[in-house]
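Novice: Sharing a structure with you now.
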Amino acid sequence: MPLRVAIVGSGPAGVYTAEALTKQAAAPVEVDVIERLPTPYGLVRYGVAPDHTSIKSIAGYLRRVLELPGVRFLGGIEFGRDVGVEDLLACYDAVVYCTGAMVDRRMGIPGEDLPGSVAATDFVNWYCGHPDVPADRFVLDSPEVAVIGVGNVAVDVVRVLAKTAQELRATDVPEEVLARLADSQVKAIHMIGRRGPEHAKFTLKELRELGELTNADVCVRPEEAPVSGELSALPRQVRGNVEVLQAWAARIPVGRPRRLDVRFWMRPVEILGDGRVEALRLERTRLQDGRVVGTGVFETLPVGMVLRSVGYQSVPLPGVPFSETTMTVPNEAGRVREREYVAGWLKRGPTGVIGTNKSDAAETVRTLLADLDGREPAARADLVPLLAERGVSPVTYRQWLSIEAAEAELARSLDRGERVKLPGLAAMLGAVAGRRDGAAPEG
Ligand SMILES: Cc1cc2nc3c(=O)[nH]c(=O)nc-3n(C[C@H](O)[C@H](O)[C@H](O)COP(=O)(O)OP(=O)(O)OC[C@H]3O[C@@H](n4cnc5c(N)ncnc54)[C@H](O)[C@@H]3O)c2cc1C
Ligand SMILES: NC(=O)c1ccc[n+]([C@@H]2O[C@H](COP(=O)([O-])OP(=O)(O)OC[C@H]3O[C@@H](n4cnc5c(N)ncnc54)[C@H](OP(=O)(O)O)[C@@H]3O)[C@@H](O)[C@H]2O)c1
């Protein structure tokens with residue numbers, strides 16, 4: 001009898017875990033990949049920027065894993081709502097939690113809850129067509145916008161704000177989102193780093209792309225570009241970033257429709273506005289004993305939108321241990337408790353590229369197989385009938401393919417790229433039921 005393993009979450013960590021479990025030779029394993037959405041691939045589908053089509057194509061690799069014999073996709077099943085720890089431990093020999101990091105971190109400054117102050121998680125979900133965020137969530141009616149943070153997510157957000165709708169037409173951005181991007185009034189984007197160019201988290205390739213924007217002039221203030229110490233002493237990636245930024249500081253704007261100001265040594269201290277965001281107050285910073293401190297010199301930007309891109313964080317899963325300090329599930333090489341494991345962002349926090357999750361999943365699988373080595377798999381019930389008793393029926397892999405087909409059909413009908421995301425859950429479930437009217441199936 002094969003070992004039966006439940007994987008919760010179908011992002012890169014979940015799918016790489018499924019691959020590592022089913023491709024090893026030590027023991028036969030069957031896995032169910034349980035996912036709250038009707039669609040697999042996590043942030044590859046709902047995070048990776050729509051114009052990064054070559055990165056998005058990694059979904060092709062993940063797809064082949066979900067099609068392996070011994071792997072079953074159970075979509076539309078939310079851990080904590082439809083199933084819990086006890087259910088899974090009754091139906092499987094082991095459970096691996098791979099639910100990622102779904103929410104934003106906060107800055108903890110006054111005015112953060114004003115309308116117009118938004119999380120990058122929401123904005124990214126919006127342009128990626130995530131069913132949690134409706135297509136009418138954002139109106140880009142402010143001429144000036146601030147993006148807080150200088151990581152790769154901030155770079156994605158800035159690029160989407162800076163590009164024309166025409167440039168994004170061939171991507172999978174939902175049609176209504178594209179219309180709102182076409183109506184965008186944004187003229188100036190301020191990207192704010194609270195430390196120096198040498199401390200920025202973005203990677204060189206992603207940074208360089210900003211310098212190639214045809215719709216925006218990219219500006220860096222010469223006084224914010226220098227770094228302390230010898231450039232040659234910096235690690236190669238960091239030195240590359242600094243060189244690019246210093247070159248931009250010497251650029252003269254050529255009057256492109258939009259302008260991107262990349263700022264350093266400024267921290268947000270208050271979001272101002274009467275009923276909605278009207279301005280952002282910044283304070284110049286410096287480092288003291290390695291910590292960012294304010295200098296008492298302030299500047300106010302007249303922005304109508306503040307997008308905080310200061311990192312993601314995981315949320316606790318009901319009944320599963322969680323550290324409020326690290327905001328991850330405490331584990332030893334992936335082991336949480338007997339027969340319970342963790343992988344991906346939920347295990348190590350929200351850092352690292354897609355590929356990082358492969359080695360991470362491999363470590364968890366090694367731990368799991370070593371723990372279960374020699375253990376006789378118990379005869380266990382299948383999860384699907386248990387779900388049926390609760391009136392829940394999973395979206396199958398084949399049904400997911402019908403959503404994909406509907407997205408391709410929509411793209412063809414709109415004369416856009418390879419696919420266009422369907423607007424919302426009802427439309428996706430409509431495609432599952434074979435309907436084109438966007439209505440959800442009954443029951
Ligand atoms: C905006 C953004 C853009 C990125 N772009 C890139 C890029 O271009 N290149 C790159 O290499 N890396 C990129 N990354 C990093 C990469 O996406 C992550 O390393 C990776 O997705 C983490 O994998 P994961 O499986 O741990 O989490 P996720 O990809 O978040 O997957 C978690 C899955 O769990 C599901 N889930 C959550 N809760 C439940 C529940 N209760 N029950 C069932 N299912 C649940 C979610 O719906 C999701 O499908 C990006 C990250 C972000 C945030
Ligand atoms: N194309 C790609 O490969 C790609 C695309 C997107 C994401 N990713 C990956 O996904 C991961 C997450 O990216 P991310 O951009 O969300 O996170 P990140 O890389 O951790 O960057 C977060 C940024 O927010 C800043 N910040 C944090 N708290 C702040 C505060 N209170 N006030 C002001 N600034 C604050 C950080 O500055 P400090 O450094 O000063 O804390 C940092 O600049 C990263 O590993 C990233 O590489 C990759």
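In the structure tokens, chains take letters A, B, ... by order of appearance, with residues numbered from 1 within each chain and ligands from 1 in the order shown.
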With the cut-off set at 7 Å and counting only C-alpha atoms and all ligand atoms, tabulate each residue of chain A with an atom at most that distance from an atom of ligand 2, showing the nearest atom pair and its distance in Å to one decimal, ordered by chain and increasing number, as CSV.
Specialist:
residue,atom,partner,partner_atom_place_in_ligand_line,distance
A:Val48,CA,ligand 2,5 (C),6.3
A:Arg106,CA,ligand 2,31 (N),6.8
A:Met107,CA,ligand 2,31 (N),4.1
A:Ile148,CA,ligand 2,34 (N),5.7
A:Gly149,CA,ligand 2,24 (O),3.7
A:Val150,CA,ligand 2,43 (O),3.7
A:Gly151,CA,ligand 2,15 (O),3.5
A:Asn152,CA,ligand 2,6 (C),4.2
A:Val153,CA,ligand 2,15 (O),3.8
A:Ala154,CA,ligand 2,15 (O),5.6
A:Asp156,CA,ligand 2,6 (C),6.5
A:Gly193,CA,ligand 2,43 (O),5.9
A:Arg194,CA,ligand 2,33 (C),5.3
A:Arg195,CA,ligand 2,40 (O),5.5
A:His199,CA,ligand 2,39 (O),6.1
A:Ala200,CA,ligand 2,43 (O),5.4
A:Lys201,CA,ligand 2,19 (O),4.8
A:Phe202,CA,ligand 2,19 (O),6.3
A:Thr203,CA,ligand 2,47 (O),7.0
A:Glu206,CA,ligand 2,1 (N),6.0
A:Arg267,CA,ligand 2,33 (C),5.7
A:Pro268,CA,ligand 2,32 (N),6.4
A:Ser309,CA,ligand 2,24 (O),5.7
A:Val310,CA,ligand 2,24 (O),3.3
A:Gly311,CA,ligand 2,16 (O),3.7
A:Tyr312,CA,ligand 2,16 (O),5.5
A:Pro350,CA,ligand 2,12 (C),5.5
A:Thr351,CA,ligand 2,45 (O),3.5
A:Gly352,CA,ligand 2,45 (O),3.7
A:Val353,CA,ligand 2,9 (C),5.2
Novice: For N, CA, C and O atoms, I'd like the residues from the last selection saved as a short mmCIF file (atom, residue, chain, number, x, y, z; two decimals), in the first residue's frame.
Specialist:
data_model
loop_
_atom_site.label_atom_id
_atom_site.label_comp_id
_atom_site.auth_asym_id
_atom_site.auth_seq_id
_atom_site.Cartn_x
_atom_site.Cartn_y
_atom_site.Cartn_z
N VAL A 48 3.48 36.58 -9.68
CA VAL A 48 4.44 36.90 -10.75
C VAL A 48 3.77 37.90 -11.70
O VAL A 48 2.61 37.72 -12.10
N ARG A 106 2.44 45.64 7.75
CA ARG A 106 2.01 47.03 7.87
C ARG A 106 3.20 47.90 8.28
O ARG A 106 4.21 47.39 8.78
N MET A 107 3.07 49.20 8.06
CA MET A 107 4.17 50.11 8.40
C MET A 107 4.03 50.65 9.81
O MET A 107 5.00 51.09 10.40
N ILE A 148 5.96 52.31 -1.33
CA ILE A 148 6.92 52.21 -0.23
C ILE A 148 7.62 50.85 -0.30
O ILE A 148 6.97 49.81 -0.37
N GLY A 149 8.96 50.89 -0.24
CA GLY A 149 9.74 49.65 -0.30
C GLY A 149 10.53 49.59 -1.59
O GLY A 149 10.10 50.13 -2.62
N VAL A 150 11.72 48.98 -1.50
CA VAL A 150 12.56 48.82 -2.68
C VAL A 150 12.98 47.36 -2.84
O VAL A 150 14.14 47.02 -2.92
N GLY A 151 11.94 46.49 -2.85
CA GLY A 151 12.15 45.07 -3.13
C GLY A 151 11.61 44.75 -4.52
O GLY A 151 11.14 45.65 -5.24
N ASN A 152 11.65 43.49 -4.90
CA ASN A 152 11.21 43.11 -6.25
C ASN A 152 9.70 43.27 -6.45
O ASN A 152 9.25 43.51 -7.57
N VAL A 153 8.92 43.12 -5.37
CA VAL A 153 7.47 43.33 -5.53
C VAL A 153 7.20 44.80 -5.83
O VAL A 153 6.41 45.14 -6.72
N ALA A 154 7.90 45.70 -5.13
CA ALA A 154 7.75 47.14 -5.41
C ALA A 154 8.11 47.42 -6.87
O ALA A 154 7.42 48.20 -7.55
N ASP A 156 7.83 45.39 -9.41
CA ASP A 156 6.70 44.90 -10.24
C ASP A 156 5.57 45.93 -10.27
O ASP A 156 5.03 46.27 -11.32
N GLY A 193 12.77 54.21 -0.63
CA GLY A 193 13.61 53.29 0.15
C GLY A 193 14.03 53.95 1.46
O GLY A 193 14.48 55.11 1.45
N ARG A 194 13.90 53.22 2.56
CA ARG A 194 14.22 53.87 3.85
C ARG A 194 15.71 53.80 4.16
O ARG A 194 16.17 54.39 5.14
N ARG A 195 16.46 53.02 3.34
CA ARG A 195 17.93 53.01 3.49
C ARG A 195 18.55 53.37 2.14
O ARG A 195 17.87 53.92 1.28
N HIS A 199 21.47 49.05 0.08
CA HIS A 199 20.65 48.19 0.94
C HIS A 199 19.38 47.71 0.25
O HIS A 199 18.62 46.94 0.84
N ALA A 200 19.15 48.18 -0.98
CA ALA A 200 17.88 47.84 -1.65
C ALA A 200 17.81 46.34 -1.88
O ALA A 200 18.83 45.67 -2.10
N LYS A 201 16.58 45.80 -1.83
CA LYS A 201 16.40 44.35 -1.94
C LYS A 201 16.16 43.88 -3.37
O LYS A 201 16.17 42.68 -3.64
N PHE A 202 15.89 44.84 -4.29
CA PHE A 202 15.60 44.36 -5.65
C PHE A 202 16.84 43.76 -6.29
O PHE A 202 17.96 44.04 -5.89
N THR A 203 16.61 42.91 -7.32
CA THR A 203 17.73 42.28 -8.00
C THR A 203 18.05 43.05 -9.30
O THR A 203 17.19 43.77 -9.82
N GLU A 206 15.84 42.90 -12.51
CA GLU A 206 14.54 43.55 -12.33
C GLU A 206 14.71 45.07 -12.31
O GLU A 206 13.92 45.81 -12.86
N ARG A 267 12.01 57.76 5.04
CA ARG A 267 11.04 56.80 5.58
C ARG A 267 9.68 57.46 5.74
O ARG A 267 9.61 58.66 6.08
N PRO A 268 8.61 56.69 5.47
CA PRO A 268 7.28 57.28 5.65
C PRO A 268 6.99 57.44 7.13
O PRO A 268 7.25 56.52 7.92
N SER A 309 4.65 48.28 -0.13
CA SER A 309 5.19 47.01 -0.62
C SER A 309 6.35 46.65 0.29
O SER A 309 7.51 46.67 -0.10
N VAL A 310 6.01 46.39 1.56
CA VAL A 310 7.04 46.21 2.59
C VAL A 310 7.11 44.76 3.05
O VAL A 310 7.60 44.46 4.13
N GLY A 311 6.65 43.85 2.19
CA GLY A 311 6.77 42.44 2.49
C GLY A 311 5.43 41.77 2.78
O GLY A 311 4.47 42.42 3.16
N TYR A 312 5.42 40.47 2.55
CA TYR A 312 4.25 39.64 2.80
C TYR A 312 4.39 38.97 4.16
O TYR A 312 5.47 38.98 4.75
N PRO A 350 8.65 35.00 3.89
CA PRO A 350 8.38 35.39 2.51
C PRO A 350 9.59 35.92 1.76
O PRO A 350 9.61 37.08 1.34
N THR A 351 10.61 35.11 1.62
CA THR A 351 11.76 35.52 0.81
C THR A 351 12.16 34.37 -0.11
O THR A 351 11.91 33.20 0.19
N GLY A 352 12.79 34.75 -1.20
CA GLY A 352 13.32 33.74 -2.11
C GLY A 352 12.47 33.62 -3.36
O GLY A 352 11.28 33.91 -3.34
N VAL A 353 13.14 33.21 -4.43
CA VAL A 353 12.47 33.08 -5.73
C VAL A 353 11.81 31.71 -5.83
O VAL A 353 11.92 30.88 -4.91
#
Novice: Show me which residues are within 8 Å of ligand 1 counting only C-alpha atoms and all ligand atoms, and format the list as a VMD selection string.
Specialist: chain A and resid 8 to 15 34 to 37 39 to 44 46 to 49 52 55 to 56 76 to 81 98 to 102 120 to 121 124 152 to 153 156 311 to 312 317 343 to 347 350 to 357
Novice: List the spatial neighbours of Tyr127 of chain A as a PyMOL selection string - criterion: any atom at most 12 Å away, only C-alpha atoms, same-chain residues fewer than 3 positions off excluded.
Specialist: chain A and resi 45-51+120-124+130-139+156-157+159-161+165+168+171-181+420-423
Novice: Quick check for you: according to DSSP on this backbone, which residues of segment 254-375 of chain A are classed as strand (DSSP E)? Reply as an MDAnalysis selection string.
Specialist: chainID A and resid 258:263 266:272 279:288 291:301 305:308 312:313 335:337 340:342
Novice: List as JSON, numbers by chain the protein and nucleic acid residues near Ile189 of chain A, meaning an atom at most 9 Å away when only C-alpha atoms are counted, but skip any in the same chain fewer than 3 places from it.
Specialist: {"A": [143, 144, 145, 146, 147, 158, 161, 162, 186, 258, 259, 260, 261, 262, 303]}
Novice: Write the selection just made, keeping C-alpha atoms, as a compact mmCIF listing (two decimals), in the first residue's frame?
Specialist:
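File part-v9.txt, as written:
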# COMPACT_ATOMS: atom_id res chain seq x y z
CA PRO A 143 -1.62 62.02 -10.69
CA GLU A 144 0.96 61.11 -8.02
CA VAL A 145 1.43 57.76 -6.29
CA ALA A 146 3.97 56.58 -3.71
CA VAL A 147 5.22 52.98 -3.55
CA VAL A 158 5.98 50.35 -10.22
CA LEU A 161 1.86 51.58 -12.92
CA ALA A 162 4.40 53.01 -15.37
CA VAL A 186 -0.86 58.55 -12.84
CA ARG A 258 5.24 59.34 -16.74
CA ARG A 259 8.07 59.86 -14.31
CA LEU A 260 9.51 57.42 -11.80
CA ASP A 261 11.44 58.95 -8.89
CA VAL A 262 13.49 56.35 -7.04
CA VAL A 303 0.23 61.77 -3.49
Novice: For Glu19 of chain A, which of A:Phe264, A:Arg276, A:Ala362, A:Val320 is the closest residue, counting only C-alpha atoms?
Specialist: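 Among the listed residues, A:Ala362 lies closest to Glu19 of chain A.
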Novice: So, counting only C-alpha atoms, which residue among A:Val277, A:Val33, A:Met266, A:Val5 is closest to Thr295 of chain A?
Specialist: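 Result for the nearest residue to Thr295 of chain A: A:Met266.
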